[in-house]
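Engineer: For reference, the file input13.txt (compact mmCIF, C-alpha atoms) is included below:
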```txt
# COMPACT_ATOMS: atom_id res chain seq x y z
CA MET A 25 0.00 0.00 0.00
CA THR A 26 1.32 3.43 -0.88
CA GLY A 27 0.32 7.04 -0.34
CA PRO A 28 -1.57 8.32 2.66
CA GLU A 29 -2.91 4.87 3.51
CA ALA A 30 0.55 3.39 3.98
CA LEU A 31 1.72 2.67 7.51
CA SER A 32 5.33 2.07 8.26
CA GLY A 33 6.30 -1.25 9.86
CA ALA A 34 6.88 0.45 13.20
CA ASP A 35 3.48 2.19 13.05
CA GLN A 36 1.75 -1.06 12.16
CA ALA A 37 3.41 -2.83 15.07
CA TRP A 38 2.41 -0.01 17.42
CA LEU A 39 -1.18 -0.09 16.14
CA ALA A 40 -1.44 -3.86 16.52
CA ALA A 41 -0.08 -3.68 20.07
CA HIS A 42 -2.44 -0.84 20.91
CA VAL A 43 -5.50 -2.62 19.54
CA GLU A 44 -4.55 -5.66 21.61
CA THR A 45 -4.55 -3.68 24.82
CA CYS A 46 -7.15 -0.94 24.24
CA VAL A 47 -10.67 -2.26 24.72
CA SER A 48 -12.52 0.56 22.97
CA CYS A 49 -10.18 0.53 19.93
CA ARG A 50 -10.48 -3.24 19.66
CA ALA A 51 -14.25 -3.00 19.82
CA PHE A 52 -14.23 -0.29 17.15
CA ALA A 53 -11.95 -2.32 14.90
CA GLU A 54 -14.14 -5.41 15.23
CA ASN A 55 -17.31 -3.48 14.59
CA ALA A 56 -15.75 -1.73 11.62
CA ARG A 57 -14.65 -5.09 10.20
CA GLU A 58 -18.16 -6.49 10.55
CA THR A 59 -19.75 -3.39 9.09
CA ILE A 60 -17.40 -3.42 6.12
CA HIS A 61 -18.10 -7.10 5.58
CA ALA A 62 -21.85 -6.44 5.66
CA LEU A 63 -21.47 -3.46 3.34
CA ARG A 64 -19.60 -5.54 0.80
CA ALA A 65 -22.23 -8.26 1.00
CA ILE A 66 -25.12 -6.04 -0.11
CA PRO A 67 -25.85 -7.10 -3.67
CA ILE A 68 -27.03 -4.34 -5.96
CA ALA A 69 -27.26 -5.10 -9.63
CA ALA A 70 -28.29 -3.12 -12.68
CA GLU A 71 -31.15 -4.67 -14.60
CA ARG A 72 -30.55 -5.89 -18.11
CA SER A 73 -33.21 -3.55 -19.50
CA LEU A 74 -31.49 -0.51 -17.94
CA VAL A 75 -28.19 -1.44 -19.53
CA ALA A 76 -29.80 -2.08 -22.92
CA THR A 77 -31.73 1.20 -22.82
CA THR A 78 -28.60 3.10 -21.84
CA GLN A 79 -26.57 1.53 -24.63
CA MET A 80 -29.30 2.39 -27.12
CA ARG A 81 -29.51 6.01 -25.91
CA VAL A 82 -25.74 6.39 -26.04
CA ARG A 83 -25.60 5.03 -29.59
CA ARG A 84 -28.41 7.35 -30.70
CA ARG A 85 -26.66 10.34 -29.13
CA ALA A 86 -23.36 9.32 -30.72
CA LEU A 87 -25.09 9.30 -34.10
CA GLU A 88 -26.59 12.75 -33.45
CA LEU A 89 -23.21 14.13 -32.48
CA GLN A 90 -21.61 12.61 -35.56
CA ARG A 91 -24.25 14.18 -37.81
CA HIS A 92 -23.81 17.50 -36.05
CA ARG A 93 -20.05 17.30 -36.60
CA GLU A 94 -20.56 16.50 -40.27
CA ARG A 95 -22.94 19.46 -40.67
CA LEU A 96 -20.47 21.72 -38.91
CA TRP A 97 -17.71 20.52 -41.21
CA LEU A 98 -19.88 21.21 -44.25
CA VAL A 99 -20.71 24.71 -42.99
CA SER A 100 -17.03 25.41 -42.28
CA VAL A 101 -15.98 24.27 -45.75
CA SER A 102 -18.77 26.37 -47.30
CA CYS A 103 -17.65 29.43 -45.32
CA ILE A 104 -14.07 29.00 -46.47
CA ALA A 105 -15.19 28.52 -50.08
CA VAL A 106 -17.45 31.58 -49.94
CA THR A 107 -14.67 33.71 -48.42
CA LEU A 108 -12.23 32.63 -51.14
CA CYS A 109 -14.79 33.29 -53.89
CA ALA A 110 -15.58 36.70 -52.39
CA LEU A 111 -11.90 37.65 -52.32
CA LEU A 112 -11.32 36.52 -55.89
CA SER A 113 -14.45 38.19 -57.20
CA ALA A 114 -13.60 41.41 -55.30
CA VAL A 115 -10.30 41.61 -57.14
CA ALA A 116 -12.00 40.93 -60.49
CA LEU A 117 -14.76 43.45 -59.75
CA TRP A 118 -12.25 46.10 -58.72
CA ARG A 119 -10.48 45.67 -62.05
CA GLY A 120 -13.83 45.74 -63.87
CA PHE A 121 -14.90 48.98 -62.19
CA GLU A 122 -11.50 50.52 -62.84
CA TRP A 123 -11.81 49.60 -66.53
CA LEU A 124 -15.35 50.97 -66.73
CA GLY A 125 -14.29 54.17 -64.99
CA ALA A 126 -11.46 54.64 -67.46
CA ARG A 127 -13.77 53.96 -70.42
CA ALA A 128 -16.39 56.39 -69.11
CA GLN A 129 -13.63 58.86 -68.17
CA LEU A 130 -14.89 59.08 -64.57
CA ALA A 131 -12.91 60.35 -61.63
CA SER A 132 -11.31 57.58 -59.56
CA LEU A 133 -13.43 58.46 -56.54
CA VAL A 134 -16.64 57.94 -58.50
CA TRP A 135 -15.96 54.41 -59.74
CA GLN A 136 -14.48 53.48 -56.35
CA VAL A 137 -17.69 54.62 -54.60
CA GLY A 138 -19.64 52.69 -57.24
CA PHE A 139 -17.58 49.60 -56.44
CA LEU A 140 -18.24 50.02 -52.70
CA VAL A 141 -21.96 50.46 -53.20
CA PHE A 142 -22.05 47.41 -55.48
CA CYS A 143 -20.23 45.29 -52.91
CA VAL A 144 -22.13 46.48 -49.86
CA THR A 145 -25.66 46.61 -51.33
CA PRO A 146 -26.44 42.86 -51.17
CA ALA A 147 -25.36 42.66 -47.51
CA LEU A 148 -27.33 45.82 -46.70
CA VAL A 149 -30.48 44.50 -48.39
CA VAL A 150 -30.23 41.14 -46.60
CA GLY A 151 -29.59 42.91 -43.29
CA ILE A 152 -32.61 45.16 -43.71
CA LEU A 153 -34.80 42.20 -44.67
CA LEU A 154 -33.63 40.22 -41.63
CA LEU A 155 -34.22 43.18 -39.35
CA ALA A 156 -37.67 43.64 -40.77
CA ARG A 157 -38.40 39.97 -40.25
CA ASP A 158 -37.18 40.11 -36.63
CA THR A 159 -39.25 43.20 -35.93
CA HIS A 160 -42.23 41.47 -37.46
CA LEU A 161 -41.67 38.42 -35.25
CA ALA A 162 -41.12 40.57 -32.16
CA ASP A 163 -44.39 42.41 -32.86
CA HIS A 164 -46.19 39.11 -33.15
CA THR A 165 -44.68 37.73 -29.97
CA GLY A 166 -45.50 40.97 -28.16
CA SER A 167 -49.10 40.80 -29.28
CA TYR A 168 -49.33 37.16 -28.18
CA GLN A 169 -47.94 38.04 -24.79
CA GLY A 170 -50.55 40.69 -24.50
CA MET B 548 -1.56 5.50 -15.90
CA THR B 549 -2.24 2.05 -17.38
CA GLN B 550 -2.42 1.03 -20.98
CA GLU B 551 -6.14 0.43 -20.40
CA SER B 552 -6.76 4.05 -19.41
CA THR B 553 -4.88 5.27 -22.47
CA GLU B 554 -6.96 3.07 -24.74
CA ILE B 555 -10.17 4.23 -23.09
CA ALA B 556 -9.10 7.87 -23.47
CA ARG B 557 -8.35 7.30 -27.16
CA GLY B 558 -11.71 5.59 -27.72
CA LEU B 559 -13.60 8.30 -25.85
CA ARG B 560 -12.01 11.00 -27.99
CA ARG B 561 -13.24 9.10 -31.06
CA ARG B 562 -16.65 8.64 -29.39
CA ASP B 563 -16.41 4.97 -30.23
CA PRO B 564 -19.87 3.48 -29.50
CA ASP B 565 -18.48 -0.06 -29.21
CA LEU B 566 -16.11 1.07 -26.49
CA LEU B 567 -19.00 2.82 -24.72
CA ASP B 568 -21.04 -0.40 -24.92
CA ARG B 569 -18.20 -2.32 -23.32
CA LEU B 570 -17.70 0.28 -20.59
CA ILE B 571 -21.41 0.33 -19.78
CA GLU B 572 -21.35 -3.47 -19.40
CA GLN B 573 -18.21 -3.36 -17.33
CA TYR B 574 -19.20 -0.61 -14.91
CA GLN B 575 -22.99 -1.13 -14.81
CA HIS B 576 -23.28 -2.56 -11.29
CA ARG B 577 -20.61 -0.37 -9.72
CA LEU B 578 -22.03 2.86 -11.13
CA LEU B 579 -25.62 2.00 -10.25
CA ARG B 580 -24.62 1.02 -6.73
CA TYR B 581 -22.75 4.30 -6.26
CA LEU B 582 -25.68 6.35 -7.57
CA LEU B 583 -28.15 4.37 -5.53
CA TYR B 584 -26.25 5.07 -2.33
CA LEU B 585 -25.70 8.67 -3.30
CA THR B 586 -29.32 9.43 -4.09
CA GLY B 587 -31.11 6.82 -2.00
CA ARG B 588 -33.72 6.39 -4.73
CA ARG B 589 -33.66 3.68 -7.35
CA GLU B 590 -35.61 5.56 -10.00
CA LEU B 591 -33.44 8.65 -9.72
CA ALA B 592 -30.30 6.53 -9.66
CA GLU B 593 -31.36 4.81 -12.90
CA ASP B 594 -32.06 8.16 -14.59
CA LEU B 595 -28.69 9.48 -13.50
CA PHE B 596 -27.08 6.23 -14.64
CA GLN B 597 -28.26 6.90 -18.20
CA GLU B 598 -27.38 10.58 -18.05
CA THR B 599 -23.91 9.73 -16.81
CA TRP B 600 -23.15 7.62 -19.86
CA ILE B 601 -24.51 10.27 -22.20
CA ARG B 602 -22.22 12.77 -20.46
CA VAL B 603 -19.31 10.37 -20.76
CA LEU B 604 -19.95 10.23 -24.51
CA GLU B 605 -20.20 14.01 -24.83
CA ARG B 606 -17.30 14.93 -22.57
CA GLY B 607 -15.10 11.90 -23.16
CA HIS B 608 -12.29 14.08 -24.47
CA GLN B 609 -11.93 15.53 -20.95
CA PHE B 610 -10.92 12.18 -19.47
CA ASN B 611 -7.31 12.32 -18.36
CA ASP B 612 -5.64 8.94 -18.72
CA LYS B 613 -3.31 9.79 -15.84
CA TYR B 614 -6.14 8.61 -13.56
CA ALA B 615 -8.33 5.52 -13.45
CA PHE B 616 -11.45 5.65 -15.62
CA SER B 617 -13.65 4.71 -12.68
CA THR B 618 -12.51 7.80 -10.73
CA TRP B 619 -13.55 10.07 -13.59
CA LEU B 620 -16.78 8.13 -14.16
CA PHE B 621 -17.86 8.51 -10.54
CA ALA B 622 -16.91 12.20 -10.58
CA VAL B 623 -19.14 12.70 -13.65
CA ALA B 624 -21.99 10.82 -11.95
CA ARG B 625 -21.54 12.84 -8.78
CA ASN B 626 -21.65 16.15 -10.64
CA LEU B 627 -24.86 15.09 -12.35
CA ALA B 628 -26.39 14.14 -9.01
CA ILE B 629 -25.42 17.53 -7.58
CA ASP B 630 -26.81 19.31 -10.68
CA HIS B 631 -30.05 17.41 -10.19
CA MET B 632 -30.28 18.45 -6.55
CA ARG B 633 -29.44 22.07 -7.39
CA ARG B 634 -32.35 22.14 -9.79
CA LYS B 635 -34.56 20.98 -6.95
CA GLN B 636 -33.00 23.19 -4.27
CA PRO B 637 -29.84 25.29 -4.10
CA ALA B 638 -27.54 22.90 -2.28
CA SER B 639 -24.78 20.43 -2.97
CA LEU B 640 -25.30 16.95 -1.63
CA ASP B 641 -27.30 18.38 1.25
CA GLY B 642 -30.48 17.78 -0.71
CA LEU B 643 -29.83 14.08 -0.43
CA LEU B 644 -29.19 14.08 3.28
CA ASN B 645 -32.49 13.57 4.99
CA ASP B 646 -34.39 11.72 2.37
CA ASP B 647 -36.34 9.02 4.08
CA GLU B 648 -39.05 8.65 1.47
CA VAL B 649 -38.08 5.32 -0.03
CA PRO B 650 -35.80 2.75 1.57
CA PHE B 651 -32.95 1.14 -0.32
CA GLU B 652 -34.06 -1.87 -2.21
CA VAL B 653 -31.86 -4.76 -1.21
CA PRO B 654 -32.36 -7.65 -3.60
CA ALA B 655 -32.27 -11.21 -2.41
CA THR B 656 -28.84 -12.78 -2.23
CA GLY B 657 -27.73 -15.73 -4.33
CA GLN B 658 -28.00 -19.44 -3.60
CA ALA B 659 -27.18 -20.40 -0.01
CA SER B 660 -28.77 -22.29 2.84
CA ALA B 661 -32.07 -20.90 4.04
CA PHE B 662 -30.60 -19.97 7.41
CA ASP B 663 -27.50 -18.27 5.95
CA LEU B 664 -29.66 -16.55 3.43
CA THR B 665 -32.00 -15.19 6.05
CA LEU B 666 -29.18 -14.12 8.34
CA GLN B 667 -27.24 -12.47 5.55
CA ARG B 668 -30.33 -10.79 4.24
CA GLU B 669 -31.26 -9.47 7.64
CA GLN B 670 -27.80 -8.03 8.12
CA ASN B 671 -27.87 -6.53 4.65
CA GLU B 672 -31.20 -4.96 5.35
CA GLN B 673 -29.96 -3.53 8.64
CA ILE B 674 -26.91 -2.03 7.02
CA ALA B 675 -28.89 -0.79 4.01
CA ALA B 676 -31.36 0.84 6.38
CA GLY B 677 -28.51 2.32 8.37
CA MET B 678 -26.93 3.68 5.20
CA GLN B 679 -30.19 5.39 4.38
CA HIS B 680 -30.00 7.32 7.60
CA LEU B 681 -26.46 8.52 7.03
CA PRO B 682 -25.66 11.87 5.45
CA ALA B 683 -25.04 11.46 1.70
CA GLU B 684 -21.36 12.42 2.09
CA TYR B 685 -20.78 9.54 4.49
CA ARG B 686 -22.68 7.11 2.30
CA GLU B 687 -20.61 8.18 -0.65
CA ALA B 688 -17.31 7.80 1.19
CA LEU B 689 -18.27 4.36 2.52
CA VAL B 690 -19.47 2.99 -0.78
CA LEU B 691 -16.42 4.26 -2.68
CA ARG B 692 -14.06 2.91 -0.06
CA PHE B 693 -15.54 -0.44 0.83
CA GLN B 694 -17.62 -1.41 -2.15
CA GLU B 695 -15.56 0.14 -4.92
CA GLY B 696 -12.26 -0.39 -3.15
CA MET B 697 -11.00 3.07 -4.09
CA SER B 698 -7.98 4.57 -2.40
CA LEU B 699 -8.46 7.56 -0.13
CA GLU B 700 -6.78 9.77 -2.72
CA GLU B 701 -9.17 8.61 -5.42
CA ILE B 702 -12.17 9.27 -3.18
CA ALA B 703 -10.83 12.74 -2.43
CA ARG B 704 -10.54 13.34 -6.19
CA VAL B 705 -14.10 12.15 -6.86
CA ALA B 706 -15.62 14.11 -3.99
CA ARG B 707 -13.30 17.10 -4.44
CA VAL B 708 -12.52 17.33 -0.76
CA PRO B 709 -9.25 17.18 1.20
CA LEU B 710 -7.87 13.82 2.23
CA GLY B 711 -8.55 14.51 5.90
CA THR B 712 -12.22 15.05 5.15
CA VAL B 713 -12.43 11.69 3.41
CA LYS B 714 -10.85 9.96 6.41
CA SER B 715 -13.19 11.65 8.82
CA ARG B 716 -16.25 10.83 6.71
CA ILE B 717 -15.29 7.17 6.60
CA TYR B 718 -14.65 7.05 10.32
CA ARG B 719 -17.90 8.81 11.16
CA GLY B 720 -19.84 6.74 8.64
CA LEU B 721 -18.57 3.48 10.11
CA SER B 722 -19.27 4.69 13.62
CA ALA B 723 -22.79 5.71 12.67
CA LEU B 724 -23.45 2.30 11.12
CA GLU B 725 -22.45 0.38 14.23
CA PRO B 726 -25.85 0.54 15.96
CA TRP B 727 -27.51 -0.70 12.79
CA LEU B 728 -25.20 -3.67 12.59
CA LYS B 729 -26.13 -4.53 16.15
CA GLY B 730 -29.77 -4.62 15.19
CA ALA B 731 -31.26 -1.18 15.51
CA PRO B 732 -34.94 -1.26 14.60
CA LEU B 733 -35.66 -1.00 10.88
```
Please express what this file holds, its structure, as structure tokens.

Structural biologist:
Amino acid sequence: MTGPEALSGADQAWLAAHVETCVSCRAFAENARETIHALRAIPIAAERSLVATTQMRVRRRALELQRHRERLWLVSVSCIAVTLCALLSAVALWRGFEWLGARAQLASLVWQVGFLVFCVTPALVVGILLLARDTHLADHTGSYQG
Amino acid sequence: MTQESTEIARGLRRRDPDLLDRLIEQYQHRLLRYLLYLTGRRELAEDLFQETWIRVLERGHQFNDKYAFSTWLFAVARNLAIDHMRRKQPASLDGLLNDDEVPFEVPATGQASAFDLTLQREQNEQIAAGMQHLPAEYREALVLRFQEGMSLEEIARVARVPLGTVKSRIYRGLSALEPWLKGAPL
């Protein structure tokens, strides 16, 4: 035995001698031994149905987690792909606007603002639509709550 | 730790359902017994038993193979039991202390002579009844020490208390069980 439960040989000898002579300690040791024996003898078993149900639930949850992980992976890959496409198309669009500006003999600031508006407009429109939708939902919830 | 713990840790990180099946089989009785003594109620213990394994699946990557799997398993089960009690009332294991609604169910022992069987069963019932009257912390310490055979250090890790507290809980628990062993009324 190691750690805090270990007793040195000398300590063990002292304890054994003490238990021999001390009535109350001997009684405690005997009672403790009997209690421990009785404790160990209490049979408690899990029923087969509990184990089977648990195994089934764990398998089902494992499947859910796996599907979730796969979905997350798909979303991550899509995000990366979209970011790459956006970067590439931004470069191409910049060149396109620059070319158009030169053809139309516009000031640099004008075609650059045009480029910004073109890039930001879709996000703005989607944002406004989502906000409107949320406000609509909030109004509905508020009216339901009275 | 052992090669076994390392393999379990690897399998848990992969969320290997076959490994989980094996672990459930292997630890079924020990975990249920621990939960039963901790909660004092069979139905609750069985619910927590299932929740524990779901949690093991979800948080398996947190298992540190430096320690025995059983130590981590019991710590997970204990946390779930405490969470359950906190939902009922803001306390730790205190909510399980004075629960004398339903006695422990002690199943009949195996094949033995009728006399031995009766004697053993009576003693089991006395001790089971005595356990029910102990504070949950003492029950927990006794079951981990004498039924699970855990070291004092492992119990301290599961219960998150100092070593001295574990020793004192075991001593007090054993002392409190003495009258029941001698035949205190059920």

Engineer: Between B:Leu582, B:Leu681, B:Ala628, B:Ile601, which one has atoms that come closest to Arg83 (chain A), using only C-alpha atoms?

Structural biologist: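 Of the candidates, the smallest distance to Arg83 (chain A) is held by B:Ile601.
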
Engineer: Would you give me, as number ranges by chain, the residues of chain A that come within 10 Å of chain B, using all atoms listed in the file?

Structural biologist: A: 25-29, 52, 55-72, 74-87, 89-90

Engineer: CA of Leu130 (chain A) and CA of Leu117 (chain A) are how many Å apart?

Structural biologist: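 Going from CA of Leu130 (chain A) over to CA of Leu117 (chain A), I get 16.4 Å.
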
Engineer: Figure out the distance between CA of His680 (chain B) and CA of Leu627 (chain B), please, to one decimal in Å.

Structural biologist: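 That distance, rounded to one decimal, is 22.0 Å.
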
Engineer: Quick one, how far is CA of Tyr685 (chain B) from CA of Val713 (chain B)?

Structural biologist: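 Atom-to-atom, CA of Tyr685 (chain B) and CA of Val713 (chain B) are spaced 8.7 Å apart.
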